[in-house]
Each structure stands twice: as C-alpha cells, then as structure tokens.
$ cat final-v7.txt   # compact mmCIF, C-alpha atoms and all ligand atoms
# COMPACT_ATOMS: atom_id res chain seq x y z
CA MET V 875 90.94 93.17 80.96
CA HIS V 876 89.78 96.30 82.79
CA ASP V 877 86.44 94.75 83.69
CA ALA V 878 88.05 91.53 84.89
CA LEU V 879 90.46 93.27 87.23
CA LEU V 880 87.89 95.77 88.53
CA SER V 881 85.33 93.03 89.20
CA TRP V 882 87.95 91.04 91.06
CA TYR V 883 88.78 94.12 93.13
CA SER V 884 85.12 94.64 94.04
CA ALA V 885 84.93 91.11 95.33
CA ALA V 886 88.37 90.55 96.84
CA GLY V 887 90.08 93.91 97.37
CA ARG V 888 91.21 95.29 100.72
CA HIS V 889 88.41 97.83 101.09
CA ASP V 890 88.81 98.31 104.82
CA LEU V 891 92.20 100.01 104.73
CA PRO V 892 91.68 103.46 106.31
CA TRP V 893 93.61 105.31 103.61
CA ARG V 894 91.14 103.95 101.06
CA ARG V 895 88.23 105.64 102.81
CA THR V 896 89.58 109.12 102.24
CA ARG V 897 90.60 111.37 99.38
CA ASP V 898 92.35 113.80 101.72
CA PRO V 899 95.72 114.36 100.00
CA TRP V 900 97.53 114.81 103.31
CA ALA V 901 96.18 111.53 104.71
CA VAL V 902 97.14 109.79 101.47
CA LEU V 903 100.65 111.23 101.58
CA VAL V 904 101.08 110.12 105.19
CA SER V 905 99.95 106.60 104.35
CA GLU V 906 102.16 106.34 101.27
CA LEU V 907 105.27 107.45 103.13
CA MET V 908 104.47 104.97 105.89
CA LEU V 909 103.86 102.09 103.50
CA GLN V 910 107.25 102.38 101.80
CA GLN V 911 109.17 99.24 102.78
CA THR V 912 106.78 98.65 105.69
CA GLN V 913 104.10 95.98 106.07
CA VAL V 914 100.45 97.05 106.18
CA PRO V 915 99.76 95.76 109.74
CA ARG V 916 102.56 97.90 111.18
CA VAL V 917 101.26 100.95 109.34
CA LEU V 918 97.70 100.30 110.51
CA ALA V 919 98.84 100.50 114.13
CA ILE V 920 100.24 104.01 113.73
CA HIS V 921 98.57 105.70 110.75
CA GLN V 922 95.44 106.98 112.50
CA LYS V 923 97.37 107.97 115.62
CA LEU V 924 99.80 110.09 113.64
CA LEU V 925 96.99 111.71 111.65
CA ALA V 926 95.16 112.53 114.88
CA ALA V 927 98.29 114.27 116.15
CA PHE V 928 99.01 116.03 112.86
CA PRO V 929 95.70 116.22 110.96
CA THR V 930 96.91 118.78 108.40
CA PRO V 931 100.17 119.92 106.82
CA ALA V 932 99.91 123.09 108.92
CA ALA V 933 99.63 121.12 112.17
CA CYS V 934 102.63 119.01 111.21
CA ALA V 935 104.70 121.99 110.07
CA ALA V 936 104.00 123.81 113.35
CA ALA V 937 105.29 120.88 115.44
CA PRO V 938 108.98 120.29 116.20
CA VAL V 939 110.37 117.66 113.83
CA GLY V 940 111.33 115.62 116.89
CA GLU V 941 107.63 115.21 117.71
CA VAL V 942 106.99 113.72 114.27
CA VAL V 943 109.96 111.37 114.68
CA ARG V 944 108.59 110.36 118.09
CA ALA V 945 105.15 109.64 116.59
CA TRP V 946 106.85 107.53 113.91
CA ALA V 947 107.98 104.98 116.53
CA GLY V 948 107.53 101.40 115.36
CA LEU V 949 107.79 102.06 111.64
CA GLY V 950 111.56 102.24 111.07
CA TYR V 951 113.24 104.14 108.24
CA ASN V 952 112.89 107.23 110.41
CA ARG V 953 114.16 109.55 107.73
CA ARG V 954 110.65 109.35 106.29
CA ALA V 955 109.36 111.22 109.36
CA VAL V 956 111.81 114.03 108.73
CA ASN V 957 110.77 114.14 105.08
CA LEU V 958 107.10 114.25 106.08
CA HIS V 959 107.79 117.24 108.31
CA ARG V 960 109.87 118.98 105.62
CA SER V 961 107.13 118.39 103.07
CA ALA V 962 104.54 119.82 105.46
CA VAL V 963 106.64 122.96 105.89
CA ALA V 964 107.05 123.29 102.12
CA VAL V 965 103.31 122.78 101.53
CA VAL V 966 102.49 125.53 104.03
CA GLU V 967 105.11 127.92 102.66
CA ARG V 968 104.54 127.35 98.95
CA HIS V 969 100.99 126.06 98.59
CA GLY V 970 98.95 127.67 101.36
CA GLY V 971 98.76 124.44 103.34
CA HIS V 972 97.20 122.37 100.55
CA LEU V 973 98.95 119.50 98.75
CA PRO V 974 99.45 120.45 95.09
CA ASP V 975 97.75 118.35 92.42
CA THR V 976 100.41 118.33 89.71
CA LEU V 977 103.30 115.93 89.28
CA ASP V 978 105.87 118.70 88.91
CA ASP V 979 104.80 120.46 92.11
CA LEU V 980 104.64 117.25 94.11
CA LEU V 981 108.10 116.23 92.94
CA THR V 982 109.58 119.42 94.39
CA LEU V 983 108.53 118.41 97.91
CA PRO V 984 111.32 116.98 100.10
CA GLY V 985 111.59 113.22 99.92
CA ILE V 986 108.72 112.85 97.44
CA GLY V 987 109.83 110.71 94.51
CA PRO V 988 108.04 109.62 91.33
CA TYR V 989 106.15 106.81 93.06
CA THR V 990 104.83 108.85 95.98
CA ALA V 991 103.94 111.82 93.77
CA ARG V 992 101.90 109.57 91.46
CA ALA V 993 100.32 107.82 94.44
CA VAL V 994 99.02 111.15 95.74
CA LEU V 995 97.74 112.03 92.26
CA ALA V 996 96.08 108.63 91.82
CA PHE V 997 94.70 107.97 95.31
CA ALA V 998 93.78 111.50 96.43
CA PHE V 999 93.03 113.35 93.19
CA GLU V 1000 91.91 110.26 91.19
CA LYS V 1001 94.11 111.19 88.25
CA PRO V 1002 94.85 108.61 85.53
CA VAL V 1003 98.48 107.89 86.38
CA CYS V 1004 99.95 104.65 87.67
CA PRO V 1005 102.08 104.63 90.83
CA LEU V 1006 104.70 102.06 89.86
CA ASP V 1007 106.12 100.08 92.75
CA VAL V 1008 106.99 96.41 93.11
CA ASN V 1009 103.35 95.42 93.65
CA THR V 1010 101.90 97.28 90.68
CA ALA V 1011 104.85 96.70 88.36
CA ARG V 1012 104.95 92.91 88.85
CA PRO V 1013 101.50 92.00 87.42
CA LEU V 1014 101.85 94.61 84.68
CA ALA V 1015 105.17 93.09 83.63
CA ARG V 1016 104.01 89.49 83.89
CA ALA V 1017 100.58 89.87 82.37
CA PHE V 1018 101.20 92.45 79.65
CA GLY V 1019 104.97 92.79 79.32
CA VAL V 1020 104.58 96.40 80.42
CA GLY V 1021 107.76 97.69 81.96
CA GLY V 1022 107.82 101.48 81.70
CA GLN V 1023 106.02 104.37 83.30
CA ALA V 1024 104.43 105.68 80.11
CA ALA V 1025 103.00 102.27 79.21
CA ALA V 1026 101.72 101.75 82.77
CA ASP V 1027 100.04 105.17 82.71
CA ALA V 1028 98.49 104.42 79.32
CA LEU V 1029 96.72 101.34 80.72
CA VAL V 1030 94.87 103.30 83.42
CA PRO V 1031 91.18 103.72 82.54
CA VAL V 1032 90.50 107.45 82.66
CA ASP V 1033 87.03 107.04 84.15
CA ASP V 1034 88.03 104.57 86.88
CA ALA V 1035 91.62 105.43 87.67
CA TRP V 1036 91.36 105.22 91.47
CA ARG V 1037 89.86 101.73 91.51
CA TRP V 1038 92.22 100.47 88.79
CA ASN V 1039 95.29 101.45 90.75
CA GLN V 1040 93.96 100.04 94.00
CA ALA V 1041 93.06 96.83 92.19
CA LEU V 1042 96.52 96.55 90.67
CA MET V 1043 98.09 97.17 94.06
CA ASP V 1044 96.03 94.41 95.65
CA LEU V 1045 96.61 91.99 92.80
CA GLY V 1046 100.37 92.36 93.23
CA ALA V 1047 100.19 92.11 97.02
CA LEU V 1048 97.68 89.27 97.32
CA VAL V 1049 97.70 87.19 94.12
CA CYS V 1050 100.59 87.96 91.80
CA THR V 1051 103.20 87.62 94.50
CA ARG V 1052 106.89 87.44 93.66
CA ARG V 1053 107.65 83.88 94.67
CA ALA V 1054 104.34 82.03 94.36
CA PRO V 1055 101.72 83.76 92.21
CA SER V 1056 98.21 82.31 92.58
CA CYS V 1057 97.44 82.22 88.88
CA ASP V 1058 94.46 79.91 89.41
CA VAL V 1059 92.48 82.74 91.05
CA CYS V 1060 93.93 85.62 89.04
CA PRO V 1061 91.49 87.71 86.99
CA LEU V 1062 94.20 88.23 84.35
CA ALA V 1063 95.02 84.54 83.97
CA ASP V 1064 93.40 84.24 80.54
CA VAL V 1065 95.56 86.97 79.04
CA CYS V 1066 98.71 86.76 81.14
CA ARG V 1067 101.74 86.41 78.88
CA TRP V 1068 103.91 84.85 81.52
CA ARG V 1069 101.33 82.30 82.58
CA LEU V 1070 100.65 81.38 78.97
CA GLY V 1071 104.35 80.81 78.47
CA GLY V 1072 105.08 83.83 76.38
CA GLY V 1073 107.92 85.35 78.29
CA PRO V 1074 110.43 85.22 81.09
CA ASP V 1075 109.31 86.01 84.61
CA PRO V 1076 110.43 89.58 85.33
CA ALA V 1077 110.20 88.82 89.05
CA ALA V 1078 112.44 85.76 88.88
CA PRO V 1079 115.89 87.23 89.53
CA ALA V 1080 115.92 87.02 93.31
CA GLY V 1081 118.01 90.03 94.15
CA ARG V 1082 119.96 89.68 97.34
CA GLN V 1083 118.35 91.66 100.14
CA SER V 1084 120.75 93.66 102.23
CA ARG V 1085 121.07 92.15 105.67
CA PHE V 1086 119.63 94.20 108.51
CA ASP V 1087 121.42 92.56 111.42
CA GLY V 1088 124.67 94.33 112.07
CA SER V 1089 123.95 97.01 109.47
CA ASP V 1090 124.40 100.74 109.87
CA ARG V 1091 120.62 101.00 109.54
CA GLN V 1092 120.15 98.84 112.59
CA GLY V 1093 122.42 101.12 114.63
CA ARG V 1094 120.63 104.21 113.36
CA GLY V 1095 117.28 102.72 114.33
CA ARG V 1096 118.51 101.83 117.80
CA LEU V 1097 119.76 105.35 118.42
CA VAL V 1098 116.53 107.01 117.24
CA ASP V 1099 114.52 104.61 119.40
CA ALA V 1100 116.65 105.58 122.42
CA LEU V 1101 116.34 109.29 121.63
CA ARG V 1102 112.56 109.02 121.66
CA ASP V 1103 112.87 108.30 125.38
CA ALA V 1104 115.79 110.50 126.41
CA PRO V 1105 118.97 112.21 125.18
CA VAL V 1106 122.01 109.96 124.76
CA VAL V 1107 125.34 111.19 126.12
CA ALA V 1108 128.45 110.66 124.03
CA GLY V 1109 129.85 108.00 126.35
CA GLU V 1110 126.78 105.81 125.89
CA LEU V 1111 126.51 106.21 122.15
CA ALA V 1112 128.33 103.06 121.06
CA ALA V 1113 126.52 100.83 123.56
CA VAL V 1114 123.11 102.24 122.63
CA MET V 1115 123.80 101.55 118.97
CA GLY V 1116 124.91 97.98 119.69
CA TRP V 1117 128.58 98.53 118.85
CA ALA V 1118 130.17 98.84 122.31
CA ASP V 1119 133.49 97.69 120.88
CA ASP V 1120 133.45 100.08 117.94
CA PRO V 1121 132.85 103.67 119.12
CA GLY V 1122 134.34 105.03 115.91
CA ARG V 1123 131.63 103.37 113.86
CA ALA V 1124 128.97 104.60 116.28
CA ALA V 1125 130.22 108.19 115.99
CA ARG V 1126 130.37 107.98 112.20
CA VAL V 1127 126.87 106.53 111.83
CA ALA V 1128 125.41 108.91 114.43
CA ALA V 1129 126.83 111.79 112.39
CA THR V 1130 124.77 110.59 109.42
CA LEU V 1131 121.63 110.90 111.54
CA VAL V 1132 122.54 114.51 112.31
CA ALA V 1133 123.22 115.18 108.64
CA ASP V 1134 119.82 113.70 107.75
CA GLY V 1135 118.03 115.91 110.27
CA LEU V 1136 117.03 112.99 112.46
CA ALA V 1137 119.13 113.99 115.47
CA ASP V 1138 120.87 117.00 116.97
CA ARG V 1139 124.30 116.94 118.59
CA ARG V 1140 124.78 119.40 121.42
CA ALA V 1141 128.12 121.10 122.10
CA ASP V 1142 128.84 118.63 124.91
CA GLY V 1143 128.41 115.69 122.50
CA THR V 1144 124.96 114.63 123.77
CA PHE V 1145 122.53 113.48 121.08
CA THR V 1146 118.82 114.48 121.12
CA LEU V 1147 115.87 114.39 118.78
CA PRO V 1148 115.82 117.60 116.73
CA ASP V 1149 113.75 120.57 117.93
S1 LIG Q 1 98.22 84.94 85.84
FE1 LIG Q 1 99.70 84.61 87.45
S2 LIG Q 1 101.59 85.62 86.76
FE2 LIG Q 1 99.90 86.36 85.49
S3 LIG Q 1 99.28 88.28 86.46
FE3 LIG Q 1 97.98 86.63 87.28
S4 LIG Q 1 99.00 85.89 89.14
FE4 LIG Q 1 100.46 87.13 87.96
$ encode --input "final-v7.txt" --output "structure tokens"
Amino acid sequence: MHDALLSWYSAAGRHDLPWRRTRDPWAVLVSELMLQQTQVPRVLAIHQKLLAAFPTPAACAAAPVGEVVRAWAGLGYNRRAVNLHRSAVAVVERHGGHLPDTLDDLLTLPGIGPYTARAVLAFAFEKPVCPLDVNTARPLARAFGVGGQAAADALVPVDDAWRWNQALMDLGALVCTRRAPSCDVCPLADVCRWRLGGGPDPAAPAGRQSRFDGSDRQGRGRLVDALRDAPVVAGELAAVMGWADDPGRAARVAATLVADGLADRRADGTFTLPD
C-alpha cells in the first residue's frame, strides 16, 4: 500500500509546487495558511511575492499588519493575513524567530489549528504525522475506513513521511475527488474498501455550502479590498460593502473587521487598514 501510493506520487504528483521545493518552516507555514479554502492557482500567483516581501518571521513581525493584509490581496479570507502577522510576532518573541518543531508549541501560535500545525511538522520538519484535511481524509476514509487522527498518523511511514503526506494530498486532490473519483487510475484501487463495495462513501453527504453572494463575508472582503487602496469614510461604508440600503448591517459587519484586527476605525469614523 505504501509502495503503491509512493510510486504513483513519483510518477504523477505535483512536484513543481514551490512550497514542495523547500523545507523552510516559515515558507511552509505561509503556503499552508494561503491554501486553506483557496485554490492552488490563486496561491501560486501570490505565494512567492509575499515571501519576497516577508522572507522570515522577523521581517513579517517588523512590518505593520496592514502591509501583510495588503500583500494578501487576491486570496480572500483576509483574517489569515492577520493571523500570519500575529504568528510571526509570537515566533519572534517566544522562539527567537524560528518556527518551533513540536505540536504543542505550534498550536499556541495565533490562528494555527491542528491541521496547520501538523502540516508544518510534516512538510517542513518531515515528522511522521498526518495533516488531516478534506483531501487527505477522503482517500484514507474511502480506502481504509480510517477516520481519526491517531489512525491517520499511524499509517504514515516513519522513513518517508514527507512523500507519503504529499502523495496523499495529491491523491485526494487529483484522483480521489469528492464527486467523481477516478478509481481506474488510483494506486489504492486494489485495496480500497469503498471501491470494492465494503462500505458507505464517507464523502457522499453533500453538505450545503454557505452562499457567498450577499453574505457578510462578501461585504468584509469588499471593504478590505477598498482599504488596500485608501481609507473609507463612514458615509461611504455601506456603498463600498455593497449594502447601500442597509448602513446598519455595514456598520455591524465593519465592526467585526475591527474586532478581528483587520481594520482600524479612527475617531472620525473613517476606516483604514491597521498600522
Ligand atoms: S479506489 Fe477510488 S474511492 Fe478508493 S481511494 Fe482510489 S479513487 Fe478513492
């Protein structure tokens, strides 16, 4: 099973992704935060540019958070940029500017959850842990009936952990997709429980995706995009956020951006990116 997946990865994996050519923990952390809920092509357009601007945690921590939010343009979910900056500050203050290499220490960093912490351990430090996200969890669940973190970690080959996790990631993204898995080219086809009819498809329940159009998130994104160019005065807030007829909603949602550290509100009511 290990050999089959690793051989498939050698032949068909996405070896040209820039974050796979490095073991720099900072570069890996940046890529993992960017890749959350964001397609690879959009991340590719910005990843190297952001790393050039902030090549180390110290460089990022020394910059105003607004500069990191500005560099995040095009990726959405801007709170991740604030978390990246906060993590950089914490890494400088608590770890001498170097990403820690233990799960407990990584989990104390702002905005770093179990997946991202394990991704840094697996992809930067080559530790035998499995970063469980939708792409890695789906083939594990379908092929082996593995559903928990401990069982996923136990499957990682200690001497080839980095390649195993990358292979699993690519299998879930390219072959074992949610709606139409390509079982005919899958290296796990001979042992896959789901394909052989042994179990229900854990990916089958098609959970309803929250709609983006008209959502608070859309308004938040519009305001941050506008702030990257210039401050927004209070009187323009509702129009900028796309809710010209609902200034109360605009004010309420804008306040959540301030609370999240993504915007500042001056005394005169003008919104800016944070300093
Ligand atoms: S055989 Fe099909 S369902 Fe099973 S892991 Fe491969 S692609 Fe997924």
$ atom_distance --input "final-v7.txt" --atom1 "CA of Gly971 in chain V" --atom2 "CA of Ala932 in chain V"
5.9 Å
$ residues_near_ligand --input "final-v7.txt" --ligand "ligand LIG 1 (chain Q)" --cutoff "6 Å" --atoms "all atoms listed in the file" --output "PyMOL selection string"
chain V and resi 1013+1016-1017+1049-1050+1055-1057+1060+1062-1063+1066+1068-1069
$ residues_around --input "final-v7.txt" --residues "range 1099-1116 of chain V" --least-positions-apart "2" --cutoff "8 Å" --atoms "all atoms listed in the file" --output "number ranges by chain"
V: 943-944, 947, 1092-1097, 1118-1121, 1123-1125, 1143-1147
$ closest_residue --input "final-v7.txt" --among "V:Leu1070, V:Val1098, V:Leu1014, V:Leu1042" --to "Ala1137 in chain V" --atoms "only C-alpha atoms"
V:Val1098
$ residues_near_point --input "final-v7.txt" --point "(107.5, 100.6, 109.7)" --cutoff "9 Å" --atoms "only C-alpha atoms" --output "ChimeraX atom specification"
/V:908-914,916-917,920,946-952
$ closest_residue --input "final-v7.txt" --among "V:Lys1001, V:Arg1052, V:Arg1012, V:His876" --to "Asp1027 in chain V" --atoms "only C-alpha atoms"
V:Lys1001
$ closest_residue --input "final-v7.txt" --among "V:Phe928, V:Trp882, V:Phe999, V:Trp900" --to "Val942 in chain V" --atoms "all atoms listed in the file"
V:Phe928
$ atom_distance --input "final-v7.txt" --atom1 "CA of Ala1047 in chain V" --atom2 "CA of Asn1009 in chain V"
5.7 Å
$ closest_residue --input "final-v7.txt" --among "V:Arg953, V:Ala927, V:Met875, V:Trp1036" --to "Thr1130 in chain V" --atoms "all atoms listed in the file"
V:Arg953
$ atom_distance --input "final-v7.txt" --atom1 "CA of Asp1149 in chain V" --atom2 "CA of Arg1126 in chain V"
21.6 Å
$ closest_residue --input "final-v7.txt" --among "V:Gly1046, V:Pro899, V:Pro1076, V:Pro929" --to "Val994 in chain V" --atoms "only C-alpha atoms"
V:Pro899
$ closest_residue --input "final-v7.txt" --among "V:Val1003, V:Val965, V:Ala1128, V:Leu980" --to "Asn1039 in chain V" --atoms "all atoms listed in the file"
V:Val1003
$ residues_around --input "final-v7.txt" --residues "Ala936 in chain V" --least-positions-apart "4" --cutoff "9 Å" --atoms "only C-alpha atoms" --output "PyMOL selection string"
chain V and resi 931-932+962-963
$ decode --input "final-v7.txt" --residues "range 919-1027 of chain V" --atoms "C-alpha atoms" --output "CSV table (one decimal), in the first residue's frame"
chain,number,residue,atom,x,y,z
V,919,ALA,CA,0.2,33.9,-8.0
V,920,ILE,CA,0.9,35.4,-4.6
V,921,HIS,CA,3.0,33.0,-2.6
V,922,GLN,CA,6.4,33.9,-3.9
V,923,LYS,CA,5.6,37.6,-3.9
V,924,LEU,CA,4.6,37.6,-0.2
V,925,LEU,CA,7.7,35.5,0.7
V,926,ALA,CA,9.9,38.0,-1.1
V,927,ALA,CA,8.4,40.8,0.9
V,928,PHE,CA,8.4,38.9,4.2
V,929,PRO,CA,11.1,36.3,3.9
V,930,THR,CA,11.3,35.5,7.6
V,931,PRO,CA,9.1,35.7,10.7
V,932,ALA,CA,11.2,38.6,11.9
V,933,ALA,CA,10.6,40.5,8.6
V,934,CYS,CA,6.9,39.9,8.8
V,935,ALA,CA,6.7,40.8,12.5
V,936,ALA,CA,8.6,44.1,11.9
V,937,ALA,CA,6.1,45.2,9.2
V,938,PRO,CA,2.7,46.9,10.0
V,939,VAL,CA,-0.1,44.3,9.9
V,940,GLY,CA,-1.7,46.4,7.2
V,941,GLU,CA,1.2,45.7,4.9
V,942,VAL,CA,0.6,42.0,5.3
V,943,VAL,CA,-3.1,42.4,4.6
V,944,ARG,CA,-2.2,44.5,1.5
V,945,ALA,CA,0.1,41.7,0.2
V,946,TRP,CA,-2.7,39.2,0.8
V,947,ALA,CA,-4.8,40.8,-1.9
V,948,GLY,CA,-6.4,38.3,-4.2
V,949,LEU,CA,-6.6,35.5,-1.7
V,950,GLY,CA,-9.7,36.3,0.4
V,951,TYR,CA,-10.3,35.2,3.9
V,952,ASN,CA,-8.1,38.2,5.0
V,953,ARG,CA,-8.2,37.2,8.6
V,954,ARG,CA,-5.5,34.7,7.7
V,955,ALA,CA,-3.1,37.6,6.9
V,956,VAL,CA,-3.7,39.0,10.4
V,957,ASN,CA,-3.0,35.6,11.9
V,958,LEU,CA,0.2,35.2,9.9
V,959,HIS,CA,1.4,38.5,11.3
V,960,ARG,CA,0.4,37.6,14.8
V,961,SER,CA,2.1,34.2,14.5
V,962,ALA,CA,5.3,36.0,13.2
V,963,VAL,CA,5.3,38.3,16.2
V,964,ALA,CA,4.8,35.3,18.6
V,965,VAL,CA,7.6,33.3,16.9
V,966,VAL,CA,10.0,36.3,17.3
V,967,GLU,CA,9.0,36.9,20.9
V,968,ARG,CA,8.9,33.3,22.1
V,969,HIS,CA,11.1,31.3,19.8
V,970,GLY,CA,13.9,33.6,18.7
V,971,GLY,CA,12.4,34.0,15.2
V,972,HIS,CA,12.4,30.2,14.4
V,973,LEU,CA,9.2,28.2,14.0
V,974,PRO,CA,9.0,25.6,16.7
V,975,ASP,CA,9.0,21.9,15.8
V,976,THR,CA,6.6,20.5,18.3
V,977,LEU,CA,2.8,20.2,18.0
V,978,ASP,CA,2.2,21.8,21.4
V,979,ASP,CA,4.3,24.9,20.6
V,980,LEU,CA,2.9,25.3,17.1
V,981,LEU,CA,-0.7,25.1,18.5
V,982,THR,CA,-0.1,28.0,20.7
V,983,LEU,CA,0.6,30.3,17.7
V,984,PRO,CA,-2.4,32.6,16.8
V,985,GLY,CA,-4.7,31.1,14.2
V,986,ILE,CA,-2.7,27.8,13.9
V,987,GLY,CA,-5.0,24.9,14.3
V,988,PRO,CA,-4.4,21.1,14.4
V,989,TYR,CA,-4.2,20.8,10.6
V,990,THR,CA,-1.7,23.7,10.0
V,991,ALA,CA,0.4,22.6,13.0
V,992,ARG,CA,0.7,19.1,11.6
V,993,ALA,CA,1.3,20.4,8.1
V,994,VAL,CA,4.3,22.4,9.3
V,995,LEU,CA,5.6,19.3,11.2
V,996,ALA,CA,5.1,17.1,8.2
V,997,PHE,CA,6.2,19.3,5.3
V,998,ALA,CA,9.0,21.3,6.9
V,999,PHE,CA,10.3,19.0,9.6
V,1000,GLU,CA,9.4,15.7,7.9
V,1001,LYS,CA,7.8,14.3,11.0
V,1002,PRO,CA,5.6,11.2,10.8
V,1003,VAL,CA,2.2,12.9,11.4
V,1004,CYS,CA,-0.7,13.3,9.0
V,1005,PRO,CA,-2.2,16.7,8.3
V,1006,LEU,CA,-5.9,15.8,8.0
V,1007,ASP,CA,-7.9,18.0,5.7
V,1008,VAL,CA,-10.6,17.1,3.2
V,1009,ASN,CA,-8.0,16.0,0.6
V,1010,THR,CA,-6.1,13.7,2.9
V,1011,ALA,CA,-9.0,12.5,4.9
V,1012,ARG,CA,-11.2,11.4,1.9
V,1013,PRO,CA,-8.9,8.7,0.4
V,1014,LEU,CA,-8.0,7.5,3.9
V,1015,ALA,CA,-11.7,7.1,4.8
V,1016,ARG,CA,-12.7,5.5,1.5
V,1017,ALA,CA,-9.7,3.2,1.0
V,1018,PHE,CA,-9.1,2.1,4.6
V,1019,GLY,CA,-12.0,3.2,6.7
V,1020,VAL,CA,-9.6,5.4,8.6
V,1021,GLY,CA,-11.5,8.3,10.2
V,1022,GLY,CA,-9.5,9.6,13.1
V,1023,GLN,CA,-6.2,11.5,13.7
V,1024,ALA,CA,-4.5,8.7,15.6
V,1025,ALA,CA,-5.2,6.2,12.9
V,1026,ALA,CA,-4.1,8.6,10.1
V,1027,ASP,CA,-0.9,9.3,12.0
